[in-house]
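Trainee: The structure file data.csv (CSV, C-alpha atoms) is provided below.
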chain,number,residue,atom,x,y,z
A,555,MET,CA,3.4,-16.6,11.7
A,556,PRO,CA,5.8,-13.6,11.9
A,557,PRO,CA,7.7,-13.3,15.2
A,558,SER,CA,6.9,-10.4,17.5
A,559,CYS,CA,9.7,-8.4,19.0
A,560,HIS,CA,10.5,-10.7,21.9
A,561,HIS,CA,11.7,-13.2,19.3
A,562,LEU,CA,14.6,-10.9,18.5
A,563,ASP,CA,16.3,-12.0,21.6
A,564,SER,CA,17.8,-14.7,19.5
A,565,LEU,CA,20.0,-12.1,17.8
A,566,PRO,CA,23.7,-12.5,18.7
A,567,PRO,CA,25.7,-9.8,20.6
A,568,ARG,CA,26.7,-6.8,18.6
A,569,ARG,CA,30.0,-6.8,16.8
A,570,THR,CA,32.6,-4.7,18.5
A,571,ARG,CA,34.0,-3.0,15.4
A,572,ALA,CA,33.7,0.8,15.7
A,573,PHE,CA,32.6,3.0,12.8
A,574,GLY,CA,33.4,6.7,12.7
A,575,ALA,CA,31.4,9.5,10.9
A,576,SER,CA,33.0,11.0,7.9
A,577,GLY,CA,34.4,14.5,8.2
A,578,THR,CA,31.9,15.8,5.5
A,579,ASP,CA,28.9,14.5,7.4
A,580,ALA,CA,30.1,16.1,10.6
A,581,VAL,CA,30.6,19.5,8.9
A,582,CYS,CA,27.2,19.3,7.3
A,583,ALA,CA,25.5,18.4,10.6
A,584,GLU,CA,27.2,21.3,12.4
A,585,ARG,CA,26.4,23.9,9.7
A,586,ALA,CA,22.8,22.8,9.1
A,587,GLN,CA,22.2,22.0,12.7
A,588,ILE,CA,20.9,18.6,11.7
A,589,PRO,CA,20.4,16.3,14.7
A,590,ARG,CA,22.4,13.0,14.8
A,591,ALA,CA,20.6,9.8,15.7
A,592,ARG,CA,23.3,8.3,17.8
A,593,GLY,CA,22.4,4.8,19.0
A,594,ASP,CA,19.0,4.9,17.2
A,595,VAL,CA,17.7,2.1,15.1
A,596,VAL,CA,15.8,2.9,11.9
A,597,PHE,CA,13.6,0.1,10.6
A,598,THR,CA,13.0,0.3,6.9
A,599,HIS,CA,11.3,-1.2,3.8
A,600,GLN,CA,8.8,-4.0,4.6
A,601,THR,CA,9.7,-4.1,8.2
A,602,ALA,CA,8.7,-0.4,8.5
A,603,LEU,CA,5.4,-1.1,6.8
A,604,LEU,CA,4.7,-4.0,9.2
A,605,ILE,CA,5.5,-1.8,12.2
A,606,ALA,CA,3.3,1.0,10.9
A,607,ARG,CA,0.4,-1.3,10.3
A,608,THR,CA,0.6,-3.4,13.5
A,609,ALA,CA,1.5,-0.5,15.8
A,610,ARG,CA,-1.1,1.9,14.3
A,611,LEU,CA,1.4,4.8,13.7
A,612,GLU,CA,-0.9,7.0,11.7
A,613,THR,CA,-0.7,9.9,14.1
A,614,VAL,CA,2.8,9.5,15.6
A,615,GLU,CA,5.5,12.1,15.5
A,616,ARG,CA,7.6,12.5,12.4
A,617,ASN,CA,11.0,14.1,12.0
A,618,LYS,CA,10.3,17.8,11.4
A,619,ASN,CA,13.8,18.4,10.2
A,620,PRO,CA,16.3,16.4,8.2
A,621,PHE,CA,18.8,14.4,10.3
A,622,LEU,CA,21.8,12.2,9.8
A,623,LEU,CA,21.6,8.4,10.2
A,624,PRO,CA,23.8,7.1,13.0
A,625,ASP,CA,27.5,7.1,12.4
A,626,ARG,CA,27.7,3.4,13.1
A,627,PRO,CA,25.4,0.6,12.1
A,628,PRO,CA,23.2,-0.9,14.8
A,629,GLY,CA,24.4,-4.1,16.5
A,630,ALA,CA,22.2,-7.0,17.7
A,631,SER,CA,21.8,-5.4,21.2
A,632,ASP,CA,20.7,-2.1,19.7
A,633,ILE,CA,18.1,-3.9,17.6
A,634,ARG,CA,16.8,-5.9,20.6
A,635,HIS,CA,16.6,-2.8,22.7
A,636,ALA,CA,14.7,-0.8,20.0
A,637,ALA,CA,12.3,-3.7,19.5
A,638,ARG,CA,11.6,-4.0,23.3
A,639,MET,CA,11.0,-0.2,23.5
A,640,ALA,CA,8.6,-0.4,20.5
A,641,LYS,CA,6.8,-3.3,22.1
A,642,ALA,CA,6.5,-1.4,25.4
A,643,GLU,CA,4.9,1.7,23.7
A,644,HIS,CA,2.9,-0.3,21.1
A,645,PRO,CA,1.9,-3.7,22.5
A,646,THR,CA,0.4,-4.8,19.1
A,647,VAL,CA,3.6,-4.2,17.1
A,648,LEU,CA,5.0,-7.2,15.2
A,649,PHE,CA,8.4,-7.9,13.6
A,650,ARG,CA,9.1,-10.4,10.9
A,651,SER,CA,12.5,-12.0,10.4
A,652,PRO,CA,14.8,-10.9,8.8
A,653,VAL,CA,14.4,-7.4,10.3
A,654,GLU,CA,15.4,-4.7,7.8
A,655,CYS,CA,17.4,-1.7,9.2
A,656,LEU,CA,18.6,1.5,7.4
A,657,VAL,CA,22.3,2.3,7.6
A,658,ARG,CA,24.6,4.8,5.9
A,659,ALA,CA,25.7,3.8,2.4
A,660,SER,CA,29.3,4.9,3.1
A,661,LEU,CA,29.9,2.4,5.9
A,662,GLY,CA,31.4,-1.1,5.6
A,663,TYR,CA,29.9,-3.8,7.8
A,664,HIS,CA,28.0,-7.0,8.1
A,665,ALA,CA,24.5,-7.3,9.5
A,666,PRO,CA,23.8,-9.4,12.6
A,667,HIS,CA,22.0,-12.7,12.2
A,668,ALA,CA,18.2,-12.3,11.4
A,669,CYS,CA,18.8,-8.7,10.2
A,670,ARG,CA,19.3,-7.1,6.8
A,671,PHE,CA,21.0,-3.8,6.4
A,672,ARG,CA,19.6,-1.5,3.6
A,673,GLN,CA,21.9,1.4,2.6
A,674,HIS,CA,20.9,5.0,2.3
A,675,GLY,CA,22.6,8.3,2.0
A,676,SER,CA,23.4,9.9,5.4
A,677,HIS,CA,20.6,12.5,5.3
A,678,MET,CA,17.0,11.6,5.9
A,679,PRO,CA,14.5,14.0,4.4
A,680,ARG,CA,12.0,15.9,6.5
A,681,GLY,CA,8.9,13.8,7.3
A,682,SER,CA,10.5,10.6,6.2
A,683,LEU,CA,10.8,9.0,9.7
A,684,MET,CA,8.2,8.0,12.2
A,685,ARG,CA,9.1,7.7,15.9
A,686,VAL,CA,8.2,4.3,17.2
A,687,ALA,CA,9.8,4.7,20.6
A,688,GLU,CA,12.9,6.1,22.2
A,689,HIS,CA,15.9,5.1,20.0
A,690,ALA,CA,13.5,3.4,17.5
A,691,TRP,CA,12.2,4.9,14.3
A,692,CYS,CA,10.8,3.5,11.1
A,693,VAL,CA,10.7,5.1,7.7
A,694,SER,CA,7.4,6.6,6.6
A,695,PRO,CA,5.0,4.6,4.4
A,696,GLU,CA,5.8,7.1,1.6
A,697,LEU,CA,9.5,6.4,1.8
A,698,ALA,CA,9.0,2.7,2.2
A,699,PHE,CA,6.9,2.6,-1.0
A,700,VAL,CA,9.7,4.5,-2.9
A,701,GLN,CA,12.2,2.0,-1.5
A,702,GLU,CA,10.1,-0.9,-2.6
A,703,ALA,CA,9.8,0.7,-6.0
A,704,ALA,CA,13.6,1.0,-6.2
A,705,ARG,CA,14.2,-2.7,-5.7
A,706,SER,CA,11.1,-4.1,-7.4
A,707,SER,CA,11.1,-5.3,-11.0
A,708,ASP,CA,7.4,-6.4,-10.8
A,709,ARG,CA,5.1,-3.4,-11.8
A,710,ILE,CA,1.9,-5.2,-10.8
A,711,ARG,CA,3.2,-6.2,-7.4
A,712,LEU,CA,4.3,-2.6,-6.8
A,713,MET,CA,0.8,-1.4,-7.7
A,714,LEU,CA,-0.8,-3.9,-5.4
A,715,LEU,CA,1.4,-2.6,-2.6
A,716,GLY,CA,0.3,0.9,-3.4
A,717,TRP,CA,-3.3,0.0,-3.3
A,718,GLU,CA,-2.8,-1.7,0.1
A,719,VAL,CA,-0.9,1.1,1.8
A,720,CYS,CA,-3.6,3.5,0.6
A,721,GLY,CA,-6.5,1.1,1.4
A,722,THR,CA,-8.3,-0.1,4.4
A,723,TYR,CA,-7.2,-3.7,4.4
A,724,CYS,CA,-3.9,-5.6,4.7
A,725,THR,CA,-2.3,-8.8,3.4
A,726,GLU,CA,1.1,-10.3,4.0
A,727,LEU,CA,2.5,-7.4,2.0
A,728,THR,CA,2.1,-5.1,5.0
A,729,GLY,CA,0.7,-7.2,7.8
A,730,ARG,CA,0.8,-10.6,9.5
A,731,GLU,CA,-2.5,-11.8,8.0
A,732,ALA,CA,-5.5,-10.5,6.2
A,733,ALA,CA,-7.4,-7.8,8.1
A,734,TYR,CA,-10.1,-5.2,7.1
A,735,ASP,CA,-11.6,-1.9,8.2
A,736,LEU,CA,-8.2,-0.5,9.0
A,737,SER,CA,-6.9,3.1,8.7
A,738,PRO,CA,-4.9,3.7,5.5
A,739,LEU,CA,-1.2,4.0,6.1
A,740,THR,CA,-0.9,6.9,3.6
A,741,SER,CA,-2.5,8.3,0.5
A,742,THR,CA,-1.7,8.6,-3.2
A,743,ARG,CA,-1.3,12.3,-2.7
A,744,ARG,CA,1.2,12.0,0.2
A,745,ILE,CA,3.3,9.4,-1.8
A,746,ARG,CA,3.2,11.6,-4.9
A,747,GLU,CA,4.2,14.7,-3.0
A,748,PHE,CA,7.0,12.9,-1.2
A,749,ALA,CA,8.4,11.4,-4.5
A,750,GLN,CA,8.2,14.7,-6.3
A,751,ARG,CA,9.9,16.5,-3.3
A,752,ASN,CA,12.7,13.8,-3.3
A,753,ALA,CA,12.9,13.3,-7.0
A,754,ALA,CA,16.6,12.4,-6.8
A,755,LEU,CA,15.9,9.5,-4.4
A,756,ARG,CA,16.3,6.1,-6.1
A,757,GLY,CA,12.8,4.7,-6.8
A,758,SER,CA,10.9,8.0,-6.9
A,759,LYS,CA,10.5,7.8,-10.7
A,760,LYS,CA,9.1,4.2,-10.6
A,761,ALA,CA,6.9,5.1,-7.7
A,762,LEU,CA,5.3,8.0,-9.6
A,763,ALA,CA,4.8,5.8,-12.6
A,764,ALA,CA,3.0,3.1,-10.5
A,765,LEU,CA,0.8,5.7,-8.8
A,766,ARG,CA,-0.9,6.4,-12.1
A,767,PHE,CA,-2.7,3.1,-11.5
A,768,VAL,CA,-3.3,3.4,-7.8
A,769,ALA,CA,-6.4,4.7,-6.0
A,770,ASP,CA,-7.2,5.5,-2.4
A,771,GLY,CA,-9.8,3.7,-0.3
A,772,SER,CA,-10.0,0.1,-1.6
A,773,ALA,CA,-11.6,-2.1,1.1
A,774,SER,CA,-10.3,-5.5,0.1
A,775,PRO,CA,-7.7,-7.3,-2.1
A,776,ARG,CA,-10.5,-8.5,-4.4
A,777,GLU,CA,-11.8,-5.0,-4.9
A,778,THR,CA,-8.2,-4.0,-5.9
A,779,MET,CA,-7.9,-7.0,-8.3
A,780,LEU,CA,-11.2,-6.0,-10.0
A,781,ALA,CA,-10.2,-2.4,-10.2
A,782,LEU,CA,-6.9,-3.2,-11.9
A,783,ALA,CA,-8.4,-5.8,-14.2
A,784,LEU,CA,-11.0,-3.3,-15.4
A,785,GLY,CA,-8.9,-0.1,-15.3
A,786,LEU,CA,-5.4,-1.0,-16.5
A,787,PRO,CA,-4.5,-0.2,-20.2
A,788,LEU,CA,-5.0,-2.8,-22.9
A,789,LYS,CA,-1.2,-3.3,-23.3
A,790,ASP,CA,-1.1,-4.4,-19.6
A,791,GLY,CA,-3.9,-6.9,-20.1
A,792,GLY,CA,-6.6,-4.7,-18.6
A,793,HIS,CA,-9.9,-3.5,-20.1
A,794,ALA,CA,-8.8,0.2,-20.3
A,795,LEU,CA,-11.7,1.7,-18.3
A,796,GLY,CA,-9.5,3.9,-16.3
A,797,MET,CA,-8.9,3.8,-12.6
A,798,PRO,CA,-12.2,4.1,-10.6
A,799,ALA,CA,-12.7,6.0,-7.4
A,800,MET,CA,-13.0,3.5,-4.6
A,801,ASN,CA,-15.7,3.5,-2.0
A,802,HIS,CA,-16.9,6.9,-3.2
A,803,LEU,CA,-19.4,8.7,-1.0
A,804,VAL,CA,-22.7,9.6,-2.7
A,805,LYS,CA,-25.3,11.6,-0.8
A,806,ALA,CA,-28.8,10.4,-1.1
A,807,THR,CA,-31.7,12.6,-2.4
A,808,ASP,CA,-34.9,12.8,-0.4
A,809,ARG,CA,-36.5,10.2,-2.7
A,810,ALA,CA,-33.5,7.9,-2.4
A,811,GLN,CA,-33.6,8.2,1.4
A,812,VAL,CA,-37.3,7.1,1.4
A,813,ILE,CA,-36.4,4.0,-0.7
A,814,SER,CA,-33.3,3.0,1.2
A,815,GLY,CA,-33.6,4.6,4.6
A,816,ARG,CA,-30.1,5.8,4.2
A,817,SER,CA,-28.6,9.3,3.8
A,818,SER,CA,-25.6,8.3,1.7
A,819,PHE,CA,-24.0,5.4,-0.1
A,820,ARG,CA,-20.5,4.0,-0.6
A,821,CYS,CA,-19.9,2.9,-4.2
A,822,ASP,CA,-17.3,0.1,-4.4
A,823,LEU,CA,-15.8,1.0,-7.8
A,824,CYS,CA,-17.2,4.3,-9.0
A,825,TRP,CA,-16.9,6.5,-12.1
A,826,PRO,CA,-18.6,9.6,-10.7
A,827,ASP,CA,-18.8,11.6,-13.9
A,828,ALA,CA,-20.6,8.8,-15.7
A,829,MET,CA,-22.7,8.0,-12.6
A,830,LEU,CA,-21.6,4.4,-12.8
A,831,ASP,CA,-21.3,2.2,-9.7
A,832,VAL,CA,-19.8,-1.3,-9.9
A,833,GLU,CA,-20.5,-3.3,-6.8
A,834,TYR,CA,-18.2,-6.2,-5.9
A,835,GLN,CA,-20.5,-8.8,-4.2
A,836,SER,CA,-18.3,-11.1,-2.1
A,837,ARG,CA,-19.9,-14.3,-0.8
A,838,GLU,CA,-19.2,-13.3,2.8
A,839,VAL,CA,-20.9,-9.9,2.8
A,840,HIS,CA,-23.8,-10.7,0.5
A,841,ALA,CA,-24.7,-14.2,1.5
A,842,ASN,CA,-27.7,-13.7,3.7
A,843,GLU,CA,-31.2,-12.6,2.9
A,844,GLY,CA,-30.9,-9.3,4.8
A,845,SER,CA,-27.9,-8.3,2.8
A,846,ARG,CA,-29.7,-9.1,-0.5
A,847,ILE,CA,-32.7,-7.0,0.5
A,848,ASP,CA,-30.4,-4.1,1.5
A,849,ASP,CA,-28.5,-4.4,-1.8
A,850,SER,CA,-31.8,-4.2,-3.8
A,851,ARG,CA,-33.0,-1.1,-1.9
A,852,ARG,CA,-29.6,0.5,-2.3
A,853,ALA,CA,-29.6,-0.2,-6.1
A,854,ASN,CA,-33.1,1.1,-6.5
A,855,ALA,CA,-32.3,4.2,-4.6
A,856,LEU,CA,-29.2,5.0,-6.7
A,857,ALA,CA,-31.2,4.3,-9.9
A,858,SER,CA,-33.8,6.9,-8.7
A,859,MET,CA,-30.9,9.4,-8.7
A,860,GLY,CA,-29.8,8.5,-12.3
A,861,TRP,CA,-27.0,6.1,-11.3
A,862,THR,CA,-26.3,2.8,-13.1
A,863,VAL,CA,-25.4,0.0,-10.7
A,864,VAL,CA,-23.6,-3.1,-12.0
A,865,ALA,CA,-23.0,-6.0,-9.6
A,866,ILE,CA,-20.0,-8.4,-10.1
A,867,THR,CA,-19.8,-11.6,-8.1
A,868,ASN,CA,-16.9,-13.7,-7.1
A,869,ASP,CA,-17.6,-16.2,-9.9
A,870,GLU,CA,-17.8,-13.5,-12.5
A,871,LEU,CA,-14.5,-11.9,-11.4
A,872,ASP,CA,-12.9,-15.4,-11.5
A,873,SER,CA,-14.0,-16.0,-15.1
A,874,VAL,CA,-11.9,-14.4,-17.9
A,875,SER,CA,-14.7,-14.4,-20.5
A,876,THR,CA,-17.5,-13.3,-18.2
A,877,LEU,CA,-15.5,-10.3,-16.9
A,878,ALA,CA,-14.6,-9.4,-20.5
A,879,GLU,CA,-18.3,-9.3,-21.4
A,880,ILE,CA,-19.1,-7.2,-18.4
A,881,ALA,CA,-16.3,-4.8,-19.3
A,882,LYS,CA,-17.7,-4.3,-22.7
A,883,THR,CA,-21.0,-3.2,-21.2
A,884,LEU,CA,-19.2,-0.8,-18.8
A,885,GLN,CA,-17.2,0.5,-21.8
A,886,LYS,CA,-20.3,1.4,-23.6
A,887,HIS,CA,-21.7,3.2,-20.6
A,888,LEU,CA,-18.5,5.1,-20.2
A,889,ARG,CA,-18.6,5.9,-24.0
A,890,LEU,CA,-15.2,4.4,-24.6
A,891,ARG,CA,-14.3,2.7,-27.9
A,892,TYR,CA,-11.1,0.9,-27.1
A,893,ARG,CA,-10.4,-2.2,-29.2
A,894,PRO,CA,-7.5,-4.5,-28.6
A,895,SER,CA,-4.8,-3.8,-31.2
A,896,PHE,CA,-2.5,-6.6,-29.9
A,897,ASP,CA,-2.7,-10.1,-31.5
A,898,ASP,CA,-1.7,-11.5,-28.0
A,899,HIS,CA,-4.3,-9.5,-26.0
A,900,TYR,CA,-5.8,-12.6,-24.5
A,901,ALA,CA,-2.4,-13.8,-23.4
A,902,ARG,CA,-1.8,-10.4,-21.9
A,903,GLN,CA,-5.1,-10.7,-19.9
A,904,LEU,CA,-4.0,-14.1,-18.6
A,905,ARG,CA,-0.6,-12.7,-17.7
A,906,LEU,CA,-2.2,-9.9,-15.7
A,907,ARG,CA,-4.6,-12.2,-14.0
A,908,ARG,CA,-1.7,-14.4,-12.9
A,909,ALA,CA,0.1,-11.4,-11.5
A,910,LEU,CA,-3.0,-10.3,-9.6
A,911,GLY,CA,-3.6,-13.8,-8.2
A,912,LEU,CA,-6.9,-14.3,-10.2
A,913,PRO,CA,-7.9,-17.6,-11.9
A,914,THR,CA,-7.2,-18.0,-15.6
A,915,HIS,CA,-10.0,-20.3,-16.6
A,916,PRO,CA,-12.5,-19.1,-19.2
In structure tokens, what does this structure look like?
Mentor:
Amino acid sequence: MPPSCHHLDSLPPRRTRAFGASGTDAVCAERAQIPRARGDVVFTHQTALLIARTARLETVERNKNPFLLPDRPPGASDIRHAARMAKAEHPTVLFRSPVECLVRASLGYHAPHACRFRQHGSHMPRGSLMRVAEHAWCVSPELAFVQEAARSSDRIRLMLLGWEVCGTYCTELTGREAAYDLSPLTSTRRIREFAQRNAALRGSKKALAALRFVADGSASPRETMLALALGLPLKDGGHALGMPAMNHLVKATDRAQVISGRSSFRCDLCWPDAMLDVEYQSREVHANEGSRIDDSRRANALASMGWTVVAITNDELDSVSTLAEIAKTLQKHLRLRYRPSFDDHYARQLRLRRALGLPTHP
């Protein structure tokens, strides 16, 4: 279980070596009136995502202007103090060792025990930092995603991270343990705009490429796995249906309201133009009789509106051949005529499933 901030008391005292700001940075700060973050600690990468998720930072203040990173790296006492301040303002916040902190790339130093320094240019772009507490900041989810893109060689893992930060659930990628019905940390639009606005930032290009296969609003890891397995191109081992809209809102007609007693519906995986709704039926949510009756009424109501509803169970998602047959049916409904042109297409499917964490049995 990841440690909360009081576990950071084990960090050793800060090294006494002093680090001065370069003359160029000082001139830039004076001319542009960029504030300096003296003594501040900037948490970064996955530490920032964990803080944003567990402290619920969706509405906190961001830096409205660019500013310079501190002219010296934080010591152990700085990190302990920042963690305590964060805990005081956000009692639910958690930290996982090693803690990742952002420092200027031009400085030479060694990180304290249980901490990892990540280098960055001295200037932080507008809107790239979120205030956690006095003297404690974390990089925004948008910047954290770009940072992860810069250091990741695993495209599928990066996509999974994108789905998670734009979804309403969390796994160990951004949280301590699995949780659901959360507020999204960000959106595909916000990440895209940040990456385009900071195109020179390392990782921006890879982040934009991954976003082509990320959608907002996924409610669970299994929904995400299903969406990627169905939507990714054939060359990646997917079924090339295109990325669906997730948990898409459909308003009910009067007739549909009579059938279901509901004024609207949420479609798990949805292709709105084709009026196609794919429902992922997990064992937990759809196990009891009441849920099955509600599912039936919902499907009948959508059918009365001209929608096609296809249910996919856990077992069907876990079977390579069964999911492939369902994908063929969906392909026909979407009027797609993709045929694998790779001799190793089955091997590509298995490779994708392993990357997603899905079983590879027939």
Trainee: For Arg730 (chain A), which of A:Leu762, A:Val647, A:Leu622, A:Met800 is the closest residue, counting all atoms listed in the file?
Mentor: A:Val647
Trainee: For Thr728 (chain A), which residue among A:Arg650, A:Arg709, A:Arg626, A:Arg744 is the nearest when counting all atoms listed in the file?
Mentor: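 Distance minimum relative to Thr728 (chain A) lands on A:Arg650.
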Trainee: Expressed in Å to a single decimal, how great is the separation between CA of Leu856 (chain A) and CA of Asn868 (chain A)?
Mentor: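 It comes out at 22.4 Å.
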Trainee: For Gln835 (chain A), which of A:Cys655, A:Arg685, A:Cys821, A:Pro916 is the closest residue, counting all atoms listed in the file?
Mentor: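 Smallest distance to Gln835 (chain A) is found for A:Cys821.
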Trainee: What is the distance, in Å and to one decimal place, between CA of Val595 (chain A) and CA of Trp691 (chain A)?
Mentor: 6.2 Å
Trainee: For each of A:Leu623, A:Leu906, A:Ala853, A:Leu656, take the minimum atom-to-atom distance to Leu788 (chain A), counting all atoms listed in the file, then give the residue where this is smallest.
Mentor: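 Ranking A:Leu623, A:Leu906, A:Ala853, A:Leu656 by distance to Leu788 (chain A), first place goes to A:Leu906.
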Trainee: Which residue is closest to Gly785 (chain A)? Choose from A:Asn619, A:Gln885, A:Ser895, A:Ser814 and count all atoms listed in the file.
Mentor: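 Checking each candidate against Gly785 (chain A), we get A:Gln885 as the closest.
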Trainee: Would you please work out which residue, of A:Glu879, A:Asp594, A:Glu731, A:Glu747, is nearest to Cys692 (chain A) when using all atoms listed in the file?
Mentor: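 Ranked by minimum distance to Cys692 (chain A), first place goes to A:Asp594.
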Trainee: Rounded to one decimal, what separation in Å do you get between CA of Glu726 (chain A) and CA of His644 (chain A)?
Mentor: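 Between these atoms lies a distance of 19.9 Å.
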Trainee: Please list, as a PyMOL selection string, the residues that have an atom at most 9 Å away from (7.4, -1.0, 10.4) in the coordinates of this file, counting all atoms listed in the file.
Mentor: chain A and resi 597-609+611+647-649+686+691-695+728
Trainee: Quick one: everything within 6 Å of region 765-774 of chain A, counting all atoms listed in the file, minus sequence neighbours fewer than 4 positions away in the same chain. Send it as a ChimeraX atom specification.
Mentor: /A:717,720-723,800
Trainee: Would you list the contacts of Met859 (chain A) as a PyMOL selection string, taking every protein, DNA or RNA residue within 12 Å and counting all atoms listed in the file, but skipping same-chain residues closer than 5 positions in sequence?
Mentor: chain A and resi 804-811+813+818-819+829-830+852-854
Trainee: Identify the residues within 6 Å of coordinate (-20.0, 6.1, -5.7) (same frame as the file), considering only C-alpha atoms, and give the answer as a PDB file with C-alpha atoms, in the frame of the given file.
Mentor:
ATOM      1  CA  HIS A 802     -16.900   6.900  -3.200  1.00  0.00           C
ATOM      2  CA  LEU A 803     -19.400   8.700  -1.000  1.00  0.00           C
ATOM      3  CA  VAL A 804     -22.700   9.600  -2.700  1.00  0.00           C
ATOM      4  CA  ARG A 820     -20.500   4.000  -0.600  1.00  0.00           C
ATOM      5  CA  CYS A 821     -19.900   2.900  -4.200  1.00  0.00           C
ATOM      6  CA  CYS A 824     -17.200   4.300  -9.000  1.00  0.00           C
ATOM      7  CA  ASP A 831     -21.300   2.200  -9.700  1.00  0.00           C
TER       8      ASP A 831
END
Trainee: Would you list the contacts of Ala764 (chain A) as a ChimeraX atom specification, taking every protein, DNA or RNA residue within 12 Å and counting all atoms listed in the file, but skipping same-chain residues closer than 4 positions in sequence?
Mentor: /A:699-700,702-704,706-717,742,745-746,749,757-760,768-769,782,786
Trainee: Write to file, as a PDB file, keeping the file's coordinate frame, the residues of the selection just made, with C-alpha atoms.
Mentor:
ATOM      1  CA  PHE A 699       6.900   2.600  -1.000  1.00  0.00           C
ATOM      2  CA  VAL A 700       9.700   4.500  -2.900  1.00  0.00           C
ATOM      3  CA  GLU A 702      10.100  -0.900  -2.600  1.00  0.00           C
ATOM      4  CA  ALA A 703       9.800   0.700  -6.000  1.00  0.00           C
ATOM      5  CA  ALA A 704      13.600   1.000  -6.200  1.00  0.00           C
ATOM      6  CA  SER A 706      11.100  -4.100  -7.400  1.00  0.00           C
ATOM      7  CA  SER A 707      11.100  -5.300 -11.000  1.00  0.00           C
ATOM      8  CA  ASP A 708       7.400  -6.400 -10.800  1.00  0.00           C
ATOM      9  CA  ARG A 709       5.100  -3.400 -11.800  1.00  0.00           C
ATOM     10  CA  ILE A 710       1.900  -5.200 -10.800  1.00  0.00           C
ATOM     11  CA  ARG A 711       3.200  -6.200  -7.400  1.00  0.00           C
ATOM     12  CA  LEU A 712       4.300  -2.600  -6.800  1.00  0.00           C
ATOM     13  CA  MET A 713       0.800  -1.400  -7.700  1.00  0.00           C
ATOM     14  CA  LEU A 714      -0.800  -3.900  -5.400  1.00  0.00           C
ATOM     15  CA  LEU A 715       1.400  -2.600  -2.600  1.00  0.00           C
ATOM     16  CA  GLY A 716       0.300   0.900  -3.400  1.00  0.00           C
ATOM     17  CA  TRP A 717      -3.300   0.000  -3.300  1.00  0.00           C
ATOM     18  CA  THR A 742      -1.700   8.600  -3.200  1.00  0.00           C
ATOM     19  CA  ILE A 745       3.300   9.400  -1.800  1.00  0.00           C
ATOM     20  CA  ARG A 746       3.200  11.600  -4.900  1.00  0.00           C
ATOM     21  CA  ALA A 749       8.400  11.400  -4.500  1.00  0.00           C
ATOM     22  CA  GLY A 757      12.800   4.700  -6.800  1.00  0.00           C
ATOM     23  CA  SER A 758      10.900   8.000  -6.900  1.00  0.00           C
ATOM     24  CA  LYS A 759      10.500   7.800 -10.700  1.00  0.00           C
ATOM     25  CA  LYS A 760       9.100   4.200 -10.600  1.00  0.00           C
ATOM     26  CA  VAL A 768      -3.300   3.400  -7.800  1.00  0.00           C
ATOM     27  CA  ALA A 769      -6.400   4.700  -6.000  1.00  0.00           C
ATOM     28  CA  LEU A 782      -6.900  -3.200 -11.900  1.00  0.00           C
ATOM     29  CA  LEU A 786      -5.400  -1.000 -16.500  1.00  0.00           C
TER      30      LEU A 786
END
